[in-house]
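With mmCIF, C-alpha atoms; chains and numbers go by the auth columns inside, this is structure.cif:
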```
data_structure
loop_
_atom_site.group_PDB
_atom_site.id
_atom_site.type_symbol
_atom_site.label_atom_id
_atom_site.label_comp_id
_atom_site.label_asym_id
_atom_site.label_seq_id
_atom_site.Cartn_x
_atom_site.Cartn_y
_atom_site.Cartn_z
_atom_site.B_iso_or_equiv
_atom_site.auth_seq_id
_atom_site.auth_asym_id
ATOM 1 C CA MET A 1 0.000 0.000 0.000 0.00 3 A
ATOM 2 C CA SER A 2 3.048 2.250 0.052 0.00 4 A
ATOM 3 C CA ARG A 3 3.536 4.856 -2.640 0.00 5 A
ATOM 4 C CA PRO A 4 5.711 4.051 -5.642 0.00 6 A
ATOM 5 C CA PRO A 5 9.368 5.115 -5.263 0.00 7 A
ATOM 6 C CA VAL A 6 9.800 8.855 -5.458 0.00 8 A
ATOM 7 C CA GLN A 7 12.385 10.940 -7.252 0.00 9 A
ATOM 8 C CA GLY A 8 13.990 12.887 -4.430 0.00 10 A
ATOM 9 C CA ASN A 9 14.758 16.547 -4.956 0.00 11 A
ATOM 10 C CA LEU A 10 16.814 17.222 -1.828 0.00 12 A
ATOM 11 C CA PRO A 11 20.245 18.631 -2.753 0.00 13 A
ATOM 12 C CA GLN A 12 22.987 16.029 -2.724 0.00 14 A
ATOM 13 C CA HIS A 13 25.197 17.805 -0.176 0.00 15 A
ATOM 14 C CA ILE A 14 22.299 17.959 2.306 0.00 16 A
ATOM 15 C CA ASN A 15 21.483 14.305 1.680 0.00 17 A
ATOM 16 C CA GLU A 16 25.102 13.452 2.427 0.00 18 A
ATOM 17 C CA ILE A 17 25.002 15.337 5.713 0.00 19 A
ATOM 18 C CA LYS A 18 21.893 13.408 6.664 0.00 20 A
ATOM 19 C CA TYR A 19 23.648 10.127 6.077 0.00 21 A
ATOM 20 C CA THR A 20 26.745 10.996 8.099 0.00 22 A
ATOM 21 C CA SER A 21 24.821 9.430 10.960 0.00 23 A
ATOM 22 C CA PRO A 22 25.983 7.582 13.007 0.00 24 A
ATOM 23 C CA LEU A 23 29.309 9.310 12.286 0.00 25 A
ATOM 24 C CA PRO A 24 29.938 12.395 14.430 0.00 26 A
ATOM 25 C CA PHE A 25 27.879 15.336 13.359 0.00 27 A
ATOM 26 C CA THR A 26 30.218 18.311 13.124 0.00 28 A
ATOM 27 C CA ALA A 27 29.713 22.033 13.679 0.00 29 A
ATOM 28 C CA GLN A 28 30.472 22.454 9.983 0.00 30 A
ATOM 29 C CA HIS A 29 27.523 20.210 9.099 0.00 31 A
ATOM 30 C CA LEU A 30 25.280 22.235 11.359 0.00 32 A
ATOM 31 C CA LEU A 31 26.439 25.469 9.766 0.00 33 A
ATOM 32 C CA ILE A 32 25.701 24.143 6.286 0.00 34 A
ATOM 33 C CA LEU A 33 22.259 23.010 7.388 0.00 35 A
ATOM 34 C CA ARG A 34 21.433 26.356 8.994 0.00 36 A
ATOM 35 C CA GLU A 35 22.593 28.236 5.898 0.00 37 A
ATOM 36 C CA TYR A 36 20.548 25.924 3.696 0.00 38 A
ATOM 37 C CA ILE A 37 17.425 26.502 5.787 0.00 39 A
ATOM 38 C CA ALA A 38 17.956 30.256 5.986 0.00 40 A
ATOM 39 C CA ASP A 39 18.407 30.590 2.232 0.00 41 A
ATOM 40 C CA ASP A 40 15.255 32.129 0.743 0.00 42 A
ATOM 41 C CA THR A 41 15.615 30.145 -2.458 0.00 43 A
ATOM 42 C CA THR A 42 15.617 26.831 -0.601 0.00 44 A
ATOM 43 C CA ASP A 43 12.660 24.504 -0.904 0.00 45 A
ATOM 44 C CA VAL A 44 12.208 23.457 2.733 0.00 46 A
ATOM 45 C CA ASN A 45 9.846 20.708 1.617 0.00 47 A
ATOM 46 C CA ALA A 46 12.433 19.074 -0.631 0.00 48 A
ATOM 47 C CA PHE A 47 12.589 15.344 0.009 0.00 49 A
ATOM 48 C CA ASP A 48 14.911 12.413 -0.486 0.00 50 A
ATOM 49 C CA GLU A 49 14.254 9.192 -2.394 0.00 51 A
ATOM 50 C CA ARG A 50 12.086 7.903 0.473 0.00 52 A
ATOM 51 C CA GLY A 51 9.975 11.018 0.406 0.00 53 A
ATOM 52 C CA ARG A 52 11.464 12.292 3.653 0.00 54 A
ATOM 53 C CA THR A 53 12.014 15.974 4.193 0.00 55 A
ATOM 54 C CA LEU A 54 14.608 17.613 6.420 0.00 56 A
ATOM 55 C CA LEU A 55 11.901 17.984 9.061 0.00 57 A
ATOM 56 C CA HIS A 56 11.454 14.188 9.105 0.00 58 A
ATOM 57 C CA TRP A 57 15.167 13.757 9.612 0.00 59 A
ATOM 58 C CA VAL A 58 15.490 16.453 12.267 0.00 60 A
ATOM 59 C CA SER A 59 12.549 14.973 14.203 0.00 61 A
ATOM 60 C CA GLY A 60 13.641 11.377 13.940 0.00 62 A
ATOM 61 C CA PRO A 61 15.872 9.155 16.040 0.00 63 A
ATOM 62 C CA THR A 62 18.485 8.553 13.325 0.00 64 A
ATOM 63 C CA ASN A 63 20.291 11.882 13.729 0.00 65 A
ATOM 64 C CA LYS A 64 22.347 10.593 16.651 0.00 66 A
ATOM 65 C CA GLY A 65 24.913 13.367 16.621 0.00 67 A
ATOM 66 C CA LEU A 66 22.424 16.146 17.254 0.00 68 A
ATOM 67 C CA ALA A 67 21.489 17.432 20.693 0.00 69 A
ATOM 68 C CA LEU A 68 17.781 17.766 21.392 0.00 70 A
ATOM 69 C CA ALA A 69 17.995 21.564 21.682 0.00 71 A
ATOM 70 C CA THR A 70 19.697 21.735 18.274 0.00 72 A
ATOM 71 C CA LYS A 71 17.064 19.504 16.742 0.00 73 A
ATOM 72 C CA VAL A 72 14.266 21.633 18.129 0.00 74 A
ATOM 73 C CA ASP A 73 16.036 24.763 16.899 0.00 75 A
ATOM 74 C CA LEU A 74 16.383 23.321 13.385 0.00 76 A
ATOM 75 C CA ALA A 75 12.765 22.170 13.397 0.00 77 A
ATOM 76 C CA GLN A 76 11.581 25.623 14.425 0.00 78 A
ATOM 77 C CA ARG A 77 13.675 27.235 11.695 0.00 79 A
ATOM 78 C CA LEU A 78 12.200 24.849 9.136 0.00 80 A
ATOM 79 C CA LEU A 79 8.659 25.490 10.346 0.00 81 A
ATOM 80 C CA ALA A 80 9.241 29.244 10.317 0.00 82 A
ATOM 81 C CA ARG A 81 10.327 28.935 6.689 0.00 83 A
ATOM 82 C CA GLY A 82 7.061 27.174 5.880 0.00 84 A
ATOM 83 C CA ALA A 83 7.962 23.494 6.076 0.00 85 A
ATOM 84 C CA ASP A 84 4.854 21.322 5.815 0.00 86 A
ATOM 85 C CA ILE A 85 4.497 19.737 9.233 0.00 87 A
ATOM 86 C CA ASN A 86 2.144 17.046 7.928 0.00 88 A
ATOM 87 C CA PHE A 87 4.219 16.112 4.893 0.00 89 A
ATOM 88 C CA CYS A 88 4.072 12.331 4.463 0.00 90 A
ATOM 89 C CA ASP A 89 6.976 10.239 3.260 0.00 91 A
ATOM 90 C CA GLN A 90 6.325 7.309 0.951 0.00 92 A
ATOM 91 C CA ASP A 91 5.183 5.159 3.880 0.00 93 A
ATOM 92 C CA GLY A 92 2.823 7.795 5.218 0.00 94 A
ATOM 93 C CA TRP A 93 5.041 8.887 8.090 0.00 95 A
ATOM 94 C CA THR A 94 4.910 12.503 9.177 0.00 96 A
ATOM 95 C CA ALA A 95 7.586 14.250 11.254 0.00 97 A
ATOM 96 C CA LEU A 96 5.491 13.513 14.347 0.00 98 A
ATOM 97 C CA HIS A 97 5.544 9.787 13.556 0.00 99 A
ATOM 98 C CA THR A 98 9.332 9.830 13.396 0.00 100 A
ATOM 99 C CA ALA A 99 9.592 11.860 16.617 0.00 101 A
ATOM 100 C CA ALA A 100 7.163 9.560 18.398 0.00 102 A
ATOM 101 C CA TRP A 101 8.950 6.466 17.143 0.00 103 A
ATOM 102 C CA GLY A 102 12.200 7.564 18.804 0.00 104 A
ATOM 103 C CA ASN A 103 11.003 6.269 22.140 0.00 105 A
ATOM 104 C CA LYS A 104 14.101 7.344 23.963 0.00 106 A
ATOM 105 C CA PRO A 105 14.446 9.849 26.756 0.00 107 A
ATOM 106 C CA GLY A 106 15.007 13.332 25.456 0.00 108 A
ATOM 107 C CA ARG A 107 13.861 12.580 21.917 0.00 109 A
ATOM 108 C CA MET B 1 10.693 17.455 19.823 0.00 2 B
ATOM 109 C CA VAL B 2 7.248 15.930 20.122 0.00 3 B
ATOM 110 C CA SER B 3 5.918 18.916 22.073 0.00 4 B
ATOM 111 C CA CYS B 4 7.428 21.290 19.512 0.00 5 B
ATOM 112 C CA LEU B 5 5.690 19.488 16.629 0.00 6 B
ATOM 113 C CA VAL B 6 2.355 19.172 18.407 0.00 7 B
ATOM 114 C CA ALA B 7 2.439 22.855 19.353 0.00 8 B
ATOM 115 C CA ALA B 8 3.111 23.689 15.698 0.00 9 B
ATOM 116 C CA GLY B 9 -0.083 21.875 14.690 0.00 10 B
ATOM 117 C CA ALA B 10 1.069 18.402 13.657 0.00 11 B
ATOM 118 C CA ASP B 11 -1.810 16.103 12.737 0.00 12 B
ATOM 119 C CA LEU B 12 -2.308 13.630 15.591 0.00 13 B
ATOM 120 C CA GLU B 13 -4.640 11.397 13.605 0.00 14 B
ATOM 121 C CA LYS B 14 -2.490 10.897 10.535 0.00 15 B
ATOM 122 C CA ARG B 15 -2.045 7.197 9.859 0.00 16 B
ATOM 123 C CA THR B 16 0.834 5.547 8.066 0.00 17 B
ATOM 124 C CA TYR B 17 0.104 3.757 4.796 0.00 18 B
ATOM 125 C CA SER B 18 0.925 0.250 5.984 0.00 19 B
ATOM 126 C CA ALA B 19 -1.973 -2.032 5.112 0.00 20 B
ATOM 127 C CA LYS B 20 -1.402 -4.366 8.032 0.00 21 B
ATOM 128 C CA ASN B 21 -0.553 -2.133 10.960 0.00 22 B
ATOM 129 C CA SER B 22 -1.275 1.414 10.000 0.00 23 B
ATOM 130 C CA PHE B 23 -0.724 3.563 13.076 0.00 24 B
ATOM 131 C CA THR B 24 -1.099 7.060 14.465 0.00 25 B
ATOM 132 C CA PRO B 25 1.781 8.941 16.153 0.00 26 B
ATOM 133 C CA LEU B 26 0.411 7.795 19.526 0.00 27 B
ATOM 134 C CA GLY B 27 0.451 4.194 18.311 0.00 28 B
ATOM 135 C CA GLY B 28 4.027 4.668 17.122 0.00 29 B
ATOM 136 C CA ALA B 29 5.046 6.056 20.493 0.00 30 B
ATOM 137 C CA LEU B 30 3.546 3.061 22.261 0.00 31 B
ATOM 138 C CA ASN B 31 5.416 0.661 20.039 0.00 32 B
ATOM 139 C CA HIS B 32 8.448 -0.778 21.763 0.00 33 B
ATOM 140 C CA HIS B 33 10.208 -3.111 19.333 0.00 34 B
ATOM 141 C CA GLY B 34 12.228 -4.634 22.096 0.00 35 B
ATOM 142 C CA ARG B 35 12.870 -1.338 23.872 0.00 36 B
ATOM 143 C CA ALA B 36 10.986 0.069 26.789 0.00 37 B
ATOM 144 C CA ILE B 37 8.505 2.721 25.830 0.00 38 B
ATOM 145 C CA GLY B 38 9.990 6.011 26.838 0.00 39 B
ATOM 146 C CA ILE B 39 9.530 9.679 27.286 0.00 40 B
ATOM 147 C CA ALA B 40 8.321 10.128 23.722 0.00 41 B
ATOM 148 C CA ALA B 41 5.297 7.989 24.520 0.00 42 B
ATOM 149 C CA ILE B 42 4.517 10.081 27.569 0.00 43 B
ATOM 150 C CA LEU B 43 4.881 13.278 25.573 0.00 44 B
ATOM 151 C CA VAL B 44 2.790 12.088 22.664 0.00 45 B
ATOM 152 C CA GLY B 45 0.280 10.829 25.204 0.00 46 B
ATOM 153 C CA LEU B 46 0.151 14.071 27.160 0.00 47 B
ATOM 154 C CA HIS B 47 0.141 16.459 24.248 0.00 48 B
ATOM 155 C CA GLY B 48 -1.887 14.220 22.007 0.00 49 B
ATOM 156 C CA VAL B 49 -4.582 13.530 24.546 0.00 50 B
ATOM 157 C CA HIS B 50 -4.911 17.213 25.413 0.00 51 B
ATOM 158 C CA ALA B 51 -5.094 18.095 21.744 0.00 52 B
ATOM 159 C CA GLY B 52 -7.872 15.554 21.243 0.00 53 B
ATOM 160 C CA ALA B 53 -5.977 12.652 19.677 0.00 54 B
ATOM 161 C CA SER B 54 -8.118 9.574 19.295 0.00 55 B
ATOM 162 C CA LEU B 55 -7.427 6.717 21.677 0.00 56 B
ATOM 163 C CA ASP B 56 -9.007 4.207 19.329 0.00 57 B
ATOM 164 C CA ARG B 57 -7.291 2.352 16.530 0.00 58 B
ATOM 165 C CA VAL B 58 -3.864 3.755 17.358 0.00 59 B
ATOM 166 C CA TRP B 59 -2.086 0.637 16.071 0.00 60 B
ATOM 167 C CA GLY B 60 -3.943 -1.343 13.418 0.00 61 B
ATOM 168 C CA ASP B 61 -7.298 -1.933 15.084 0.00 62 B
ATOM 169 C CA LEU B 62 -5.905 -1.823 18.608 0.00 63 B
ATOM 170 C CA SER B 63 -6.903 0.946 20.982 0.00 64 B
ATOM 171 C CA ALA B 64 -4.358 2.738 23.178 0.00 65 B
ATOM 172 C CA GLU B 65 -5.372 0.516 26.105 0.00 66 B
ATOM 173 C CA GLN B 66 -4.935 -2.683 24.107 0.00 67 B
ATOM 174 C CA ARG B 67 -1.604 -1.540 22.802 0.00 68 B
ATOM 175 C CA LEU B 68 -0.485 -0.507 26.257 0.00 69 B
ATOM 176 C CA ALA B 69 -1.469 -3.879 27.698 0.00 70 B
ATOM 177 C CA GLN B 70 1.407 -5.333 25.719 0.00 71 B
ATOM 178 C CA GLU B 71 3.850 -3.018 27.495 0.00 72 B
ATOM 179 C CA ARG B 72 3.443 -4.066 31.112 0.00 73 B
ATOM 180 C CA ASP B 73 7.185 -4.256 31.709 0.00 74 B
ATOM 181 C CA SER B 74 7.812 -0.660 30.740 0.00 75 B
ATOM 182 C CA PRO B 75 8.889 1.729 33.505 0.00 76 B
ATOM 183 C CA HIS B 76 6.334 4.192 32.158 0.00 77 B
ATOM 184 C CA PHE B 77 3.514 1.695 31.991 0.00 78 B
ATOM 185 C CA ARG B 78 1.659 3.014 35.046 0.00 79 B
ATOM 186 C CA SER B 79 1.928 6.671 34.051 0.00 80 B
ATOM 187 C CA LEU B 80 0.688 5.956 30.572 0.00 81 B
ATOM 188 C CA LYS B 81 -2.096 3.710 31.760 0.00 82 B
ATOM 189 C CA GLU B 82 -3.301 6.411 34.148 0.00 83 B
ATOM 190 C CA LEU B 83 -3.086 9.033 31.412 0.00 84 B
ATOM 191 C CA VAL B 84 -5.103 6.980 28.949 0.00 85 B
ATOM 192 C CA LYS B 85 -7.632 5.994 31.602 0.00 86 B
ATOM 193 C CA ARG B 86 -8.203 9.602 32.655 0.00 87 B
ATOM 194 C CA ALA B 87 -8.545 10.771 29.057 0.00 88 B
ATOM 195 C CA ARG B 88 -11.001 7.998 28.281 0.00 89 B
ATOM 196 C CA SER B 89 -13.211 8.711 31.282 0.00 90 B
ATOM 197 C CA THR B 90 -13.229 12.480 30.615 0.00 91 B
ATOM 198 C CA ARG B 91 -14.292 11.889 27.055 0.00 92 B
ATOM 199 C CA THR B 92 -16.956 9.393 28.046 0.00 93 B
ATOM 200 C CA ARG B 93 -18.447 11.904 30.494 0.00 94 B
ATOM 201 C CA ARG B 94 -18.297 14.612 27.857 0.00 95 B
ATOM 202 C CA ASN B 95 -20.005 12.362 25.335 0.00 96 B
ATOM 203 C CA ILE B 96 -22.744 11.378 27.784 0.00 97 B
ATOM 204 C CA ALA B 97 -23.406 15.060 28.501 0.00 98 B
ATOM 205 C CA ARG B 98 -23.582 15.762 24.798 0.00 99 B
ATOM 206 C CA LEU B 99 -25.851 12.785 24.235 0.00 100 B
ATOM 207 C CA ARG B 100 -28.148 13.977 27.019 0.00 101 B
ATOM 208 C CA SER B 101 -28.263 17.406 25.446 0.00 102 B
ATOM 209 C CA TYR B 102 -29.332 15.884 22.134 0.00 103 B
ATOM 210 C CA ALA B 103 -31.920 13.744 23.885 0.00 104 B
ATOM 211 C CA THR B 104 -33.553 16.678 25.712 0.00 105 B
ATOM 212 C CA ARG B 105 -33.947 18.410 22.370 0.00 106 B
ATOM 213 C CA SER B 106 -35.333 15.171 20.857 0.00 107 B
ATOM 214 C CA ARG B 107 -32.514 15.157 18.399 0.00 108 B
ATOM 215 C CA ALA B 108 -30.868 11.944 19.517 0.00 109 B
ATOM 216 C CA SER B 109 -30.751 9.275 16.868 0.00 110 B
ATOM 217 C CA VAL B 110 -28.402 6.521 15.886 0.00 111 B
ATOM 218 C CA GLY B 111 -26.960 8.936 13.374 0.00 112 B
ATOM 219 C CA VAL B 112 -26.115 11.759 15.755 0.00 113 B
ATOM 220 C CA ARG B 113 -22.465 12.571 15.561 0.00 114 B
ATOM 221 C CA LEU B 114 -20.611 13.218 18.755 0.00 115 B
ATOM 222 C CA LEU B 115 -17.899 15.658 17.923 0.00 116 B
ATOM 223 C CA ASP B 116 -14.654 14.988 19.698 0.00 117 B
ATOM 224 C CA ARG B 117 -12.476 17.774 18.390 0.00 118 B
ATOM 225 C CA ARG B 118 -10.778 15.519 15.854 0.00 119 B
ATOM 226 C CA ALA B 119 -12.469 12.180 16.221 0.00 120 B
ATOM 227 C CA LEU B 120 -16.071 11.960 15.165 0.00 121 B
ATOM 228 C CA THR B 121 -17.989 9.240 16.905 0.00 122 B
ATOM 229 C CA THR B 122 -21.538 8.266 16.106 0.00 123 B
ATOM 230 C CA VAL B 123 -24.138 7.123 18.559 0.00 124 B
ATOM 231 C CA HIS B 124 -23.985 3.857 16.716 0.00 125 B
ATOM 232 C CA TYR B 125 -20.334 3.574 17.591 0.00 126 B
ATOM 233 C CA TYR B 126 -20.948 4.810 21.110 0.00 127 B
ATOM 234 C CA ASN B 127 -23.570 2.119 21.504 0.00 128 B
ATOM 235 C CA SER B 128 -20.963 -0.478 20.747 0.00 129 B
ATOM 236 C CA LEU B 129 -19.726 0.183 24.278 0.00 130 B
ATOM 237 C CA PHE B 130 -23.072 -0.975 25.640 0.00 131 B
ATOM 238 C CA GLY B 131 -23.741 -3.695 23.117 0.00 132 B
ATOM 239 C CA LEU B 132 -27.458 -2.949 22.793 0.00 133 B
ATOM 240 C CA PRO B 133 -29.455 -3.168 19.577 0.00 134 B
ATOM 241 C CA ASP B 134 -29.429 0.281 17.952 0.00 135 B
ATOM 242 C CA GLU B 135 -33.195 0.765 18.135 0.00 136 B
ATOM 243 C CA LEU B 136 -33.323 -0.101 21.837 0.00 137 B
ATOM 244 C CA PHE B 137 -30.393 2.187 22.532 0.00 138 B
ATOM 245 C CA LYS B 138 -32.163 4.938 20.623 0.00 139 B
ATOM 246 C CA LYS B 139 -35.276 4.534 22.811 0.00 140 B
ATOM 247 C CA ILE B 140 -33.229 4.593 25.985 0.00 141 B
ATOM 248 C CA VAL B 141 -31.349 7.679 24.879 0.00 142 B
ATOM 249 C CA ARG B 142 -34.626 9.462 24.166 0.00 143 B
ATOM 250 C CA ASN B 143 -35.711 8.783 27.736 0.00 144 B
ATOM 251 C CA ILE B 144 -32.558 9.997 29.424 0.00 145 B
#
```
When written as structure tokens, how does the structure in this file appear?
Amino acid sequence: MSRPPVQGNLPQHINEIKYTSPLPFTAQHLLILREYIADDTTDVNAFDERGRTLLHWVSGPTNKGLALATKVDLAQRLLARGADINFCDQDGWTALHTAAWGNKPGR
Amino acid sequence: MVSCLVAAGADLEKRTYSAKNSFTPLGGALNHHGRAIGIAAILVGLHGVHAGASLDRVWGDLSAEQRLAQERDSPHFRSLKELVKRARSTRTRRNIARLRSYATRSRASVGVRLLDRRALTTVHYYNSLFGLPDELFKKIVRNI
């Protein structure tokens, strides 16, 4: 019942940062992400090949190198830029599903 | 993170596409997969319940209570159970009051919809709690 595979439109360098996990997430990565989000020309609802947006990733448990406060900060920046909070990935997961799935203290 | 998303208006009733076990965020939070349910479940529970998230069919066809019953070993089991129980009883009282209001205005019928901020329940569904035939339930409701 899942959607057919999607053609992701998230820039490659952002996709690569996402998949550094579980490698250490550096300050440089964070800077790039913040610049990307702050850029007016950025599509904050761009998604990867699974249909997941940056908001999915920021909310989810896979970004092990990020502190909770940083994640919340990034999420708020994305939402302020107009990220769709109910955007579904190809399995129907929203950012809240990924956050709820974390199931670990502080997530 | 959960509180941030809920405060920003995340849909608490959105279900995943899985045909077998489609679930809501609350259902996802109550899912353990070998780990103890944690703070996220409490947060989704607290924020979700206050925001009117449905307690029914959170995981496949399982209600929050049924799903929680599978988590007895969790350190948060008691807190969550209490939370769900309180939310359920508040909603039941609210629904009975609403039902009574319909009945006094002779508007109660098996088709009356009981609006629960997000979840819409019908008297027909409500009656499933009592297990009476619809027509009999309708008569009783009219005489409340």
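For the structure in this document, the set picked by the PyMOL selection byres ((chain A and resi 87) around 7) is Ala85, Asp86, Asn88, Phe89 and Ala97 of chain A; Ala11 of chain B.
Neighbouring residues of range 44-56 of chain A at 6 Å or closer, counting only C-alpha atoms and skipping chain neighbours under 3 positions away, are Val8, Gln9, Gly10, Asn11, Leu12, Asp41, Trp59, Ala85, Asp91 and Gln92 of chain A.
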Residue nearest His99 in chain A - candidates B:Leu84, B:Ala30, B:Val7, B:Ala20, atoms counted: all atoms listed in the file: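 Closest to His99 in chain A of all the choices is B:Ala30.
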Selection result of the PyMOL selection byres ((chain A) within 12 of (chain B)) on this file, as number ranges by chain: A: 3-6, 57-63, 69-82, 84-109
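Picture a line from CA of Arg79 in chain B to CA of Ala8 in chain B; it runs 25.3 Å.
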